[in-house]
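*Asks:* Contents of query.txt (compact mmCIF, C-alpha atoms):
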# COMPACT_ATOMS: atom_id res chain seq x y z
CA MET K 1 0.00 0.00 0.00
CA SER K 2 1.51 3.30 -1.06
CA ALA K 3 2.28 6.16 1.26
CA THR K 4 -0.28 8.36 -0.45
CA ARG K 5 -2.99 5.83 0.11
CA LEU K 6 -2.00 5.39 3.74
CA LYS K 7 -2.06 9.10 4.21
CA SER K 8 -5.55 9.28 2.72
CA LEU K 9 -6.80 6.51 4.94
CA GLY K 10 -5.31 8.23 7.95
CA LYS K 11 -7.07 11.46 7.09
CA LEU K 12 -10.34 9.61 6.63
CA ALA K 13 -9.95 7.88 9.98
CA VAL K 14 -9.29 11.19 11.67
CA LEU K 15 -12.13 12.91 9.84
CA ILE K 16 -14.66 10.29 10.85
CA GLY K 17 -13.06 8.84 13.94
CA LEU K 18 -12.60 12.06 15.87
CA PRO K 19 -16.25 13.15 15.79
CA VAL K 20 -17.40 9.62 16.58
CA ALA K 21 -14.93 9.41 19.44
CA PHE K 22 -16.09 12.80 20.69
CA VAL K 23 -19.75 11.78 20.66
CA VAL K 24 -19.07 8.42 22.27
CA GLY K 25 -16.87 10.04 24.87
CA LEU K 26 -19.51 12.64 25.65
CA PHE K 27 -22.16 9.93 26.01
CA GLY K 28 -19.82 7.88 28.19
CA ALA K 29 -19.17 10.88 30.40
CA GLY K 30 -22.90 11.24 30.81
CA VAL K 31 -23.23 7.58 31.74
CA TYR K 32 -20.44 7.96 34.29
CA VAL K 33 -22.06 11.01 35.87
CA GLY K 34 -25.48 9.38 35.84
CA HIS K 35 -24.15 6.24 37.43
CA GLY K 36 -22.33 8.14 40.15
CA HIS K 37 -25.21 10.45 41.03
CA ARG K 38 -28.00 8.00 40.53
CA THR K 39 -29.78 8.73 43.75
CA THR K 40 -29.85 12.48 43.13
CA ILE K 41 -31.07 12.12 39.58
CA LEU K 42 -33.81 9.66 40.41
CA SER K 43 -34.90 11.79 43.36
CA PHE K 44 -35.10 14.81 41.04
CA GLU K 45 -37.19 12.84 38.55
CA ARG K 46 -39.54 11.64 41.26
CA ASP K 47 -39.89 14.90 43.20
CA TRP K 48 -39.70 17.54 40.46
CA LEU K 49 -40.80 15.79 37.30
CA GLY K 50 -43.38 13.57 38.97
CA LEU K 51 -42.10 10.42 37.33
CA ASP K 52 -42.78 7.05 38.87
CA VAL K 53 -39.27 5.92 39.61
CA LYS K 54 -37.80 3.98 42.47
CA VAL K 55 -35.04 5.76 44.30
CA PRO K 56 -32.43 3.26 45.54
CA GLY K 57 -32.28 2.90 49.27
CA GLU K 58 -35.71 4.34 49.87
CA PRO K 59 -38.75 2.10 50.28
CA SER K 60 -41.55 2.81 47.83
CA LYS K 61 -44.34 4.31 49.92
CA PRO K 62 -47.42 6.22 48.88
CA PRO K 63 -46.99 10.00 48.92
CA SER K 64 -49.67 10.31 51.60
CA ASP K 65 -47.09 9.34 54.24
CA THR K 66 -45.57 12.58 55.41
CA ALA K 67 -43.33 13.42 58.33
CA LYS K 68 -40.64 10.93 57.43
CA PRO K 69 -37.42 12.49 58.59
CA GLU K 70 -35.00 10.44 56.49
CA PRO K 71 -32.89 12.65 54.23
CA PRO K 72 -30.76 10.53 51.86
CA LYS K 73 -27.09 10.76 52.78
CA PRO K 74 -25.19 8.27 50.68
CA GLU K 75 -21.72 9.86 50.73
CA PRO K 76 -20.58 10.25 54.33
CA PRO K 77 -20.02 6.90 56.00
CA LYS K 78 -21.78 7.70 59.23
CA PRO K 79 -23.10 5.03 61.57
CA GLU K 80 -26.79 4.73 60.88
CA PRO K 81 -28.65 2.71 63.48
CA THR K 82 -31.27 1.32 61.15
CA ALA K 83 -33.58 -0.83 63.19
CA THR K 84 -36.39 -2.81 61.68
CA PRO K 85 -38.53 -3.71 64.61
CA GLU K 86 -41.99 -3.12 63.16
CA PRO K 87 -43.82 -5.53 60.89
CA ALA K 88 -45.21 -4.05 57.67
CA LYS K 89 -48.59 -2.40 58.14
CA PRO K 90 -49.71 -1.08 54.78
CA GLU K 91 -53.06 0.32 56.05
CA PRO K 92 -52.74 3.79 57.56
CA THR K 93 -56.11 3.87 59.29
CA THR K 94 -57.20 7.47 59.56
CA THR K 95 -60.95 6.87 59.90
CA PRO K 96 -62.02 5.77 63.37
CA ASP K 97 -63.72 2.41 63.24
CA PRO K 98 -66.67 1.88 65.60
CA THR K 99 -65.58 -1.71 66.20
CA PRO K 100 -61.85 -1.81 66.63
CA LYS K 101 -60.40 -5.19 65.81
CA PRO K 102 -56.98 -6.49 66.70
CA VAL K 103 -55.98 -7.05 63.11
CA GLU K 104 -52.98 -9.30 62.55
CA ALA K 105 -50.93 -7.65 65.28
CA PRO K 106 -48.81 -10.32 66.97
CA PRO K 107 -48.14 -9.97 70.70
CA LYS K 108 -44.76 -8.71 71.76
CA PRO K 109 -43.28 -12.00 73.01
CA VAL K 110 -42.90 -13.69 69.64
CA GLU K 111 -43.44 -17.38 70.20
CA THR K 112 -43.69 -18.43 66.58
CA PRO K 113 -41.41 -17.32 63.79
CA PRO K 114 -42.75 -14.54 61.53
CA PRO K 115 -44.48 -15.39 58.26
CA PRO K 116 -42.34 -16.20 55.23
CA ALA K 117 -40.49 -13.13 54.08
CA ALA K 118 -41.75 -12.12 50.68
CA GLY K 119 -39.19 -9.36 50.20
CA LEU K 120 -36.17 -11.55 49.54
CA PRO K 121 -34.63 -11.32 46.08
CA VAL K 122 -33.44 -14.94 45.99
CA ALA K 123 -35.09 -18.21 46.85
CA VAL K 124 -34.76 -19.26 50.46
CA ALA K 125 -36.26 -22.50 51.70
CA GLU K 126 -38.89 -22.41 54.38
CA PRO K 127 -37.53 -23.22 57.85
CA ALA K 128 -38.14 -26.80 58.94
CA PRO K 129 -40.31 -27.45 62.01
CA LEU K 130 -38.43 -27.75 65.27
CA PRO K 131 -38.84 -29.90 68.39
CA PRO K 132 -40.47 -28.06 71.30
CA GLU K 133 -37.26 -27.28 73.18
CA LEU K 134 -35.68 -25.69 70.12
CA GLN K 135 -38.92 -23.96 69.21
CA ALA K 136 -38.71 -22.16 72.54
CA ARG K 137 -35.16 -21.16 71.72
CA LEU K 138 -36.28 -19.84 68.37
CA GLY K 139 -38.80 -17.63 70.08
CA GLU K 140 -36.19 -16.01 72.31
CA PRO K 141 -35.33 -12.74 70.57
CA LEU K 142 -31.71 -11.80 69.98
CA LYS K 143 -30.63 -8.55 68.39
CA LEU K 144 -27.15 -8.70 66.93
CA ARG K 145 -25.45 -5.36 66.29
CA VAL K 146 -23.31 -5.49 63.18
CA LYS K 147 -20.93 -3.08 61.53
CA VAL K 148 -20.24 -3.58 57.85
CA VAL K 149 -16.91 -2.83 56.19
CA VAL K 150 -16.84 -2.87 52.39
CA ASP K 151 -13.60 -3.21 50.49
CA GLU K 152 -12.45 -1.07 47.59
CA GLU K 153 -13.92 -3.46 45.04
CA VAL K 154 -17.44 -3.02 46.39
CA PHE K 155 -16.90 0.69 46.89
CA ASP K 156 -15.85 1.21 43.28
CA ARG K 157 -18.51 -0.98 41.70
CA ARG K 158 -21.46 0.24 43.70
CA SER K 159 -22.12 3.93 43.85
CA ASP K 160 -24.88 3.12 46.34
CA TRP K 161 -22.59 0.97 48.49
CA ILE K 162 -24.19 2.08 51.73
CA ASP K 163 -27.66 1.16 50.50
CA TYR K 164 -26.24 -2.06 49.07
CA ALA K 165 -24.83 -3.06 52.45
CA GLU K 166 -28.03 -2.04 54.23
CA ARG K 167 -30.15 -4.13 51.84
CA HIS K 168 -28.04 -7.21 52.34
CA VAL K 169 -28.07 -6.87 56.11
CA ARG K 170 -31.84 -6.43 56.01
CA TRP K 171 -32.30 -9.55 53.87
CA ALA K 172 -29.94 -11.59 56.00
CA SER K 173 -31.79 -10.40 59.09
CA GLN K 174 -35.07 -11.64 57.62
CA VAL K 175 -33.65 -15.09 57.00
CA LEU K 176 -31.90 -15.32 60.37
CA LEU K 177 -35.03 -14.16 62.16
CA ARG K 178 -36.98 -17.00 60.61
CA GLU K 179 -34.35 -19.65 61.11
CA LEU K 180 -32.77 -18.68 64.44
CA GLY K 181 -34.76 -15.82 65.93
CA VAL K 182 -31.75 -13.55 65.44
CA GLU K 183 -32.24 -10.02 64.16
CA LEU K 184 -29.38 -7.99 62.70
CA GLU K 185 -29.16 -4.33 63.61
CA LEU K 186 -26.89 -2.29 61.35
CA ARG K 187 -24.75 0.07 63.38
CA GLY K 188 -22.66 1.50 60.58
CA VAL K 189 -21.15 1.04 57.14
CA VAL K 190 -17.59 2.07 56.31
CA ALA K 191 -15.37 1.66 53.27
CA TRP K 192 -11.87 0.19 53.42
CA PRO K 193 -9.31 1.57 50.95
CA THR K 194 -7.95 -1.77 49.71
CA ALA K 195 -9.45 -4.71 47.84
CA TRP K 196 -9.27 -7.98 49.75
CA SER K 197 -7.64 -10.76 47.81
CA SER K 198 -8.21 -13.46 50.41
CA GLY K 199 -9.91 -14.16 53.70
CA GLN K 200 -6.65 -13.79 55.60
CA VAL K 201 -6.02 -10.33 54.23
CA ALA K 202 -9.56 -9.36 55.07
CA PHE K 203 -9.36 -10.61 58.63
CA ALA K 204 -6.11 -8.74 59.18
CA ASP K 205 -7.81 -5.52 58.08
CA LEU K 206 -11.00 -6.18 60.03
CA GLU K 207 -8.97 -6.52 63.21
CA ARG K 208 -7.82 -2.93 62.71
CA VAL K 209 -11.35 -1.63 62.31
CA GLY K 210 -13.03 -0.53 65.50
CA SER K 211 -16.30 -2.16 66.36
CA ASP K 212 -17.96 1.09 67.53
CA GLY K 213 -20.22 -0.82 69.85
CA ALA K 214 -21.11 -3.55 67.37
CA ASP K 215 -21.10 -7.21 68.35
CA LEU K 216 -19.88 -8.39 64.98
CA VAL K 217 -17.80 -6.68 62.32
CA LEU K 218 -18.73 -7.98 58.87
CA GLY K 219 -16.52 -7.47 55.86
CA LEU K 220 -18.02 -7.41 52.36
CA GLY K 221 -15.43 -8.25 49.71
CA GLY K 222 -16.18 -7.54 46.09
CA ARG K 223 -14.14 -10.34 44.53
CA ASN K 224 -15.57 -13.73 43.75
CA ILE K 225 -13.47 -15.77 46.15
CA ARG K 226 -14.39 -19.10 47.61
CA THR K 227 -13.04 -19.39 51.09
CA PRO K 228 -14.09 -22.14 53.46
CA VAL K 229 -13.56 -20.15 56.64
CA GLN K 230 -15.50 -16.94 56.79
CA ALA K 231 -15.38 -16.02 60.46
CA GLY K 232 -12.92 -15.53 63.25
CA PRO K 233 -12.24 -18.24 65.83
CA THR K 234 -15.06 -19.36 68.09
CA THR K 235 -14.93 -21.29 71.33
CA ALA K 236 -17.39 -23.26 73.38
CA THR K 237 -18.21 -20.11 75.32
CA HIS K 238 -17.79 -17.30 72.81
CA HIS K 239 -18.79 -16.30 69.31
CA ALA K 240 -16.40 -14.65 66.90
CA THR K 241 -16.23 -10.89 66.53
CA ALA K 242 -15.35 -10.64 62.85
CA ALA K 243 -16.53 -12.35 59.70
CA ILE K 244 -16.01 -11.91 55.97
CA ALA K 245 -18.40 -12.38 53.06
CA PHE K 246 -17.16 -12.37 49.49
CA SER K 247 -19.32 -11.90 46.46
CA SER K 248 -20.82 -14.75 44.51
CA ASP K 249 -22.57 -14.40 41.16
CA PRO K 250 -22.39 -10.66 40.32
CA THR K 251 -25.52 -10.91 38.17
CA SER K 252 -27.54 -12.11 41.15
CA PRO K 253 -29.86 -9.53 42.74
CA ALA K 254 -28.19 -10.34 46.08
CA PRO K 255 -24.57 -11.27 45.39
CA HIS K 256 -23.52 -11.20 49.05
CA LEU K 257 -26.57 -12.72 50.74
CA ARG K 258 -25.48 -16.35 50.85
CA SER K 259 -21.94 -15.57 51.98
CA LEU K 260 -23.27 -13.07 54.50
CA LEU K 261 -25.50 -15.73 56.02
CA ARG K 262 -22.55 -18.13 56.12
CA ALA K 263 -20.34 -15.50 57.69
CA VAL K 264 -22.79 -14.69 60.48
CA THR K 265 -23.59 -18.33 61.22
CA GLN K 266 -19.92 -19.29 61.19
CA ALA K 267 -19.24 -16.46 63.62
CA MET K 268 -21.89 -18.05 65.83
CA GLY K 269 -20.18 -21.41 65.67
CA SER K 270 -21.69 -23.43 62.84
CA ASP K 271 -22.13 -23.49 59.05
CA PRO K 272 -25.65 -24.51 58.09
CA VAL K 273 -25.80 -22.99 54.62
CA ALA K 274 -24.34 -24.97 51.75
CA ALA K 275 -22.09 -23.10 49.36
CA ASP K 276 -24.04 -24.00 46.22
CA ALA K 277 -27.48 -25.24 47.20
CA ASP K 278 -30.40 -23.51 45.56
CA PRO K 279 -32.59 -22.40 47.25
CA ILE K 280 -30.65 -21.28 50.31
CA ALA K 281 -31.46 -23.67 53.13
CA PHE K 282 -30.31 -24.31 56.67
CA SER K 283 -29.35 -27.87 57.55
CA ALA K 284 -31.23 -29.20 60.55
CA GLU K 285 -28.25 -30.32 62.60
CA GLU K 286 -26.27 -27.11 62.16
CA ARG K 287 -29.36 -25.08 62.90
CA ARG K 288 -29.80 -26.97 66.15
CA ILE K 289 -26.20 -26.17 67.12
CA LEU K 290 -26.74 -22.50 66.40
CA LEU K 291 -29.92 -22.38 68.44
CA GLU K 292 -28.15 -23.96 71.37
CA ARG K 293 -25.25 -21.49 71.12
CA LYS K 294 -27.50 -18.57 70.39
CA HIS K 295 -26.98 -16.48 73.51
CA LEU K 296 -23.20 -16.85 73.85
CA PRO K 297 -21.34 -13.52 73.93
CA PHE K 298 -19.51 -12.03 70.98
CA THR K 299 -16.03 -11.39 72.34
CA ALA K 300 -12.55 -11.67 70.89
CA GLU K 301 -10.60 -14.77 71.66
CA VAL K 302 -8.25 -14.11 74.57
CA VAL K 303 -4.66 -15.22 73.96
CA GLU K 304 -3.69 -17.07 77.10
CA ASP K 305 -0.04 -16.49 77.85
CA ALA K 306 -0.65 -16.59 81.56
CA PRO K 307 -3.27 -18.34 83.64
CA PRO K 308 -6.63 -16.59 83.20
CA GLN K 309 -7.38 -13.93 85.77
CA PRO K 310 -10.80 -13.02 87.08
CA ALA K 311 -10.13 -9.36 86.24
CA ASP K 312 -9.84 -10.15 82.53
CA GLU K 313 -13.12 -12.04 82.53
CA ALA K 314 -14.79 -9.23 84.38
CA ALA K 315 -13.52 -6.74 81.80
CA LEU K 316 -14.83 -8.91 78.97
CA GLN K 317 -18.17 -9.21 80.67
CA GLY K 318 -18.23 -5.45 81.14
CA GLU K 319 -17.73 -4.91 77.39
CA ASN K 320 -20.81 -6.95 76.71
CA MET O 1 -28.65 36.27 16.51
CA ALA O 2 -28.48 33.75 13.72
CA TRP O 3 -24.82 33.34 14.43
CA PHE O 4 -25.49 32.69 18.13
CA ILE O 5 -28.18 30.13 17.40
CA GLY O 6 -26.12 28.39 14.79
CA TRP O 7 -22.82 28.25 16.62
CA VAL O 8 -23.87 28.15 20.25
CA GLY O 9 -27.50 27.23 20.62
CA VAL O 10 -27.84 24.25 18.36
CA PRO O 11 -24.50 22.65 19.26
CA SER O 12 -25.28 23.07 22.94
CA LEU O 13 -28.61 21.38 22.44
CA VAL O 14 -27.10 18.55 20.49
CA PHE O 15 -24.17 17.92 22.80
CA GLY O 16 -26.28 18.49 25.87
CA GLY O 17 -28.78 15.98 24.60
CA ILE O 18 -26.07 13.41 24.02
CA PHE O 19 -24.64 14.01 27.49
CA GLY O 20 -28.09 13.98 29.08
CA GLY O 21 -28.92 10.75 27.33
CA GLY O 22 -25.83 9.22 28.87
CA VAL O 23 -26.82 10.52 32.29
CA LEU O 24 -30.25 8.93 31.98
CA VAL O 25 -28.80 5.63 30.82
CA GLY O 26 -26.32 5.63 33.69
CA ALA O 27 -28.98 6.48 36.25
CA HIS O 28 -31.68 4.07 35.07
CA TYR O 29 -29.51 1.15 34.06
CA PRO O 30 -26.68 1.08 36.61
CA ASP O 31 -26.17 -2.66 36.23
CA GLY O 32 -26.29 -2.67 32.46
CA TRP O 33 -23.35 -3.40 30.20
CA ILE O 34 -22.94 0.26 29.17
CA ALA O 35 -22.48 1.45 32.75
CA TRP O 36 -20.25 -1.53 33.44
CA ALA O 37 -18.06 -0.71 30.47
CA VAL O 38 -17.87 3.01 31.25
CA THR O 39 -17.08 2.54 34.94
CA GLY O 40 -14.53 -0.12 34.10
CA LEU O 41 -12.81 2.15 31.63
CA ALA O 42 -12.93 5.04 34.09
CA GLY O 43 -11.39 2.81 36.70
CA LEU O 44 -8.57 1.89 34.37
CA LEU O 45 -7.88 5.50 33.49
CA GLY O 46 -8.53 6.99 36.86
CA GLY O 47 -6.82 4.33 38.92
Would you mind writing the structure in this file as structure tokens?

*Replies:*
Amino acid sequence: MSATRLKSLGKLAVLIGLPVAFVVGLFGAGVYVGHGHRTTILSFERDWLGLDVKVPGEPSKPPSDTAKPEPPKPEPPKPEPTATPEPAKPEPTTTPDPTPKPVEAPPKPVETPPPPAAGLPVAVAEPAPLPPELQARLGEPLKLRVKVVVDEEVFDRRSDWIDYAERHVRWASQVLLRELGVELELRGVVAWPTAWSSGQVAFADLERVGSDGADLVLGLGGRNIRTPVQAGPTTATHHATAAIAFSSDPTSPAPHLRSLLRAVTQAMGSDPVAADADPIAFSAEERRILLERKHLPFTAEVVEDAPPQPADEAALQGEN
Amino acid sequence: MAWFIGWVGVPSLVFGGIFGGGVLVGAHYPDGWIAWAVTGLAGLLGG
């Protein structure tokens, strides 16, 4: 091919390629901005344009509900004590009924597990019936305070990483409430500046993260890593204080749910959830172990260089 | 006036529309392949 022809082709490529590259680059910049400010844009569309869109992180409620003091704050990683104590009551009764009826309101001491959770994005098997002694254990409420640490992989991929963590904790709490009577209370979500390449690396970093009053520090790693051990060491008298959950199928609507359930249950001393079973199910024997260990404290394992002293145990008890 | 419309107004509309289209795609389809490709490329360039 002659130099003249090459020169002509080069000019043609520049003549056509530059405008195309400019347009594609401009569109890509728009996608990048839209992806990063998704919450703001969707809120603007809903509030100012009146469009029917779902803002991530906010439950879809009818506009008649006012006085909801929950401003969206996705950027600063502040501890947000999001508790979910109330069951869903979609009927805001404003008209006084002459015959008040106790409609579907369960009494405070929950003796039976709540109805099957319909809000889960993946299939979870119904909990198996329990013998009476374990049924009583199931009814004993336990609120587990968790703090979530996301690694750089999750932070980069998810612009709504705080909402992402909150959703997964909420879903895991629903499952654990049904299976074990354990409710997860999210105390805070923070981002860690490195991507975890293994469970060991993650645990080393989680040890450096303060618990801020949480019972369990949970790490969410963005890489698809299969690790058999997902929690710190447990003993016959203590649960672990740290656990790690790596991502599974990124196309799943809940990539971290299975590993999060495994992490929490391993921190409590057992591993009832199979790595690959679909739907997610708790094995009966492991579930029994967890119910028996349910009320053990979440404290770090004490390295015993000297004989244990009563003062150390008292200090550990005081932390709980 | 004609000059302003021709050299400022119309190009702004066109380029603004292209950019705004990207914003809408990025906001409404955050898990789509376009957003994945753009964020991946931005990650490579931005570090």

*Asks:* Nearest to chain O: which of K:Thr251, K:Ala275, K:Gly199, K:Arg170 is it, counting all atoms listed in the file?

*Replies:*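 Closest to chain O, using all atoms listed in the file: K:Thr251.
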
*Asks:* Box time for range 31-46 of chain O: axis-aligned, enclosing all its listed atoms, 6 Å extra on each side; report centre and edge lengths in Å to one decimal, as lines of an AutoDock Vina configuration file.

*Replies:*
center_x = -17.1
center_y = 1.8
center_z = 33.0
size_x = 30.4
size_y = 22.4
size_z = 19.7

*Asks:* Report the closest atom pair, with its distance in Å rounded to one decimal, for each residue of chain O that has an atom no farther than 9 Å from chain K; count all atoms listed in the file, sort by chain and then rising residue number, and write it as JSON lines.

*Replies:*
{"residue": "O:Phe15", "atom": "CA", "partner": "K:Leu26", "partner_atom": "CA", "distance": 7.6}
{"residue": "O:Gly16", "atom": "CA", "partner": "K:Leu26", "partner_atom": "CA", "distance": 9.0}
{"residue": "O:Ile18", "atom": "CA", "partner": "K:Phe27", "partner_atom": "CA", "distance": 5.6}
{"residue": "O:Phe19", "atom": "CA", "partner": "K:Gly30", "partner_atom": "CA", "distance": 4.7}
{"residue": "O:Gly20", "atom": "CA", "partner": "K:Gly30", "partner_atom": "CA", "distance": 6.1}
{"residue": "O:Gly21", "atom": "CA", "partner": "K:Phe27", "partner_atom": "CA", "distance": 6.9}
{"residue": "O:Gly22", "atom": "CA", "partner": "K:Gly30", "partner_atom": "CA", "distance": 4.1}
{"residue": "O:Val23", "atom": "CA", "partner": "K:Gly34", "partner_atom": "CA", "distance": 4.0}
{"residue": "O:Leu24", "atom": "CA", "partner": "K:Gly34", "partner_atom": "CA", "distance": 6.2}
{"residue": "O:Val25", "atom": "CA", "partner": "K:Val31", "partner_atom": "CA", "distance": 6.0}
{"residue": "O:Gly26", "atom": "CA", "partner": "K:Val31", "partner_atom": "CA", "distance": 4.1}
{"residue": "O:Ala27", "atom": "CA", "partner": "K:Gly34", "partner_atom": "CA", "distance": 4.6}
{"residue": "O:His28", "atom": "CA", "partner": "K:Arg38", "partner_atom": "CA", "distance": 7.7}
{"residue": "O:Tyr29", "atom": "CA", "partner": "K:His35", "partner_atom": "CA", "distance": 8.1}
{"residue": "O:Pro30", "atom": "CA", "partner": "K:His35", "partner_atom": "CA", "distance": 5.8}
{"residue": "O:Asp31", "atom": "CA", "partner": "K:Thr251", "partner_atom": "CA", "distance": 8.5}
{"residue": "O:Ile34", "atom": "CA", "partner": "K:Val31", "partner_atom": "CA", "distance": 7.8}
{"residue": "O:Ala35", "atom": "CA", "partner": "K:Val31", "partner_atom": "CA", "distance": 6.3}
{"residue": "O:Trp36", "atom": "CA", "partner": "K:Arg157", "partner_atom": "CA", "distance": 8.5}
{"residue": "O:Val38", "atom": "CA", "partner": "K:Gly28", "partner_atom": "CA", "distance": 6.1}
{"residue": "O:Thr39", "atom": "CA", "partner": "K:Tyr32", "partner_atom": "CA", "distance": 6.4}
{"residue": "O:Gly40", "atom": "CA", "partner": "K:Arg157", "partner_atom": "CA", "distance": 8.6}
{"residue": "O:Ala42", "atom": "CA", "partner": "K:Tyr32", "partner_atom": "CA", "distance": 8.1}
{"residue": "O:Gly43", "atom": "CA", "partner": "K:Asp156", "partner_atom": "CA", "distance": 8.1}

*Asks:* By how many Å are CA of Val10 in chain O and CA of Gly10 in chain K apart?

*Replies:*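 Rounded to one decimal, the two atoms are 29.5 Å apart.
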
*Asks:* Between CA of Val264 in chain K and CA of Thr241 in chain K, measure the distance and give it in Å to one decimal.

*Replies:*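 Separation between CA of Val264 in chain K and CA of Thr241 in chain K: 9.7 Å.
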
*Asks:* Can you tell me how far CA of Val124 in chain K sits from CA of Ala281 in chain K, in Å to one decimal?

*Replies:*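 According to the coordinates, CA of Val124 in chain K and CA of Ala281 in chain K are separated by 6.1 Å.
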
*Asks:* Of the residues K:Thr4, K:Thr237, K:Ser259, K:Asn224, which is the one nearest to His295 in chain K, using only C-alpha atoms?

*Replies:*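 For His295 in chain K, the nearest of the given residues is K:Thr237.
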
*Asks:* Tell me which protein, DNA and RNA residues are within 10 Å of Glu183 in chain K, counting only C-alpha atoms, leaving out same-chain ones fewer than 2 positions away, and put them as a VMD selection string.

*Replies:* chain K and resid 83 to 85 141 to 145 169 to 170 172 to 178 180 to 181 185 to 186
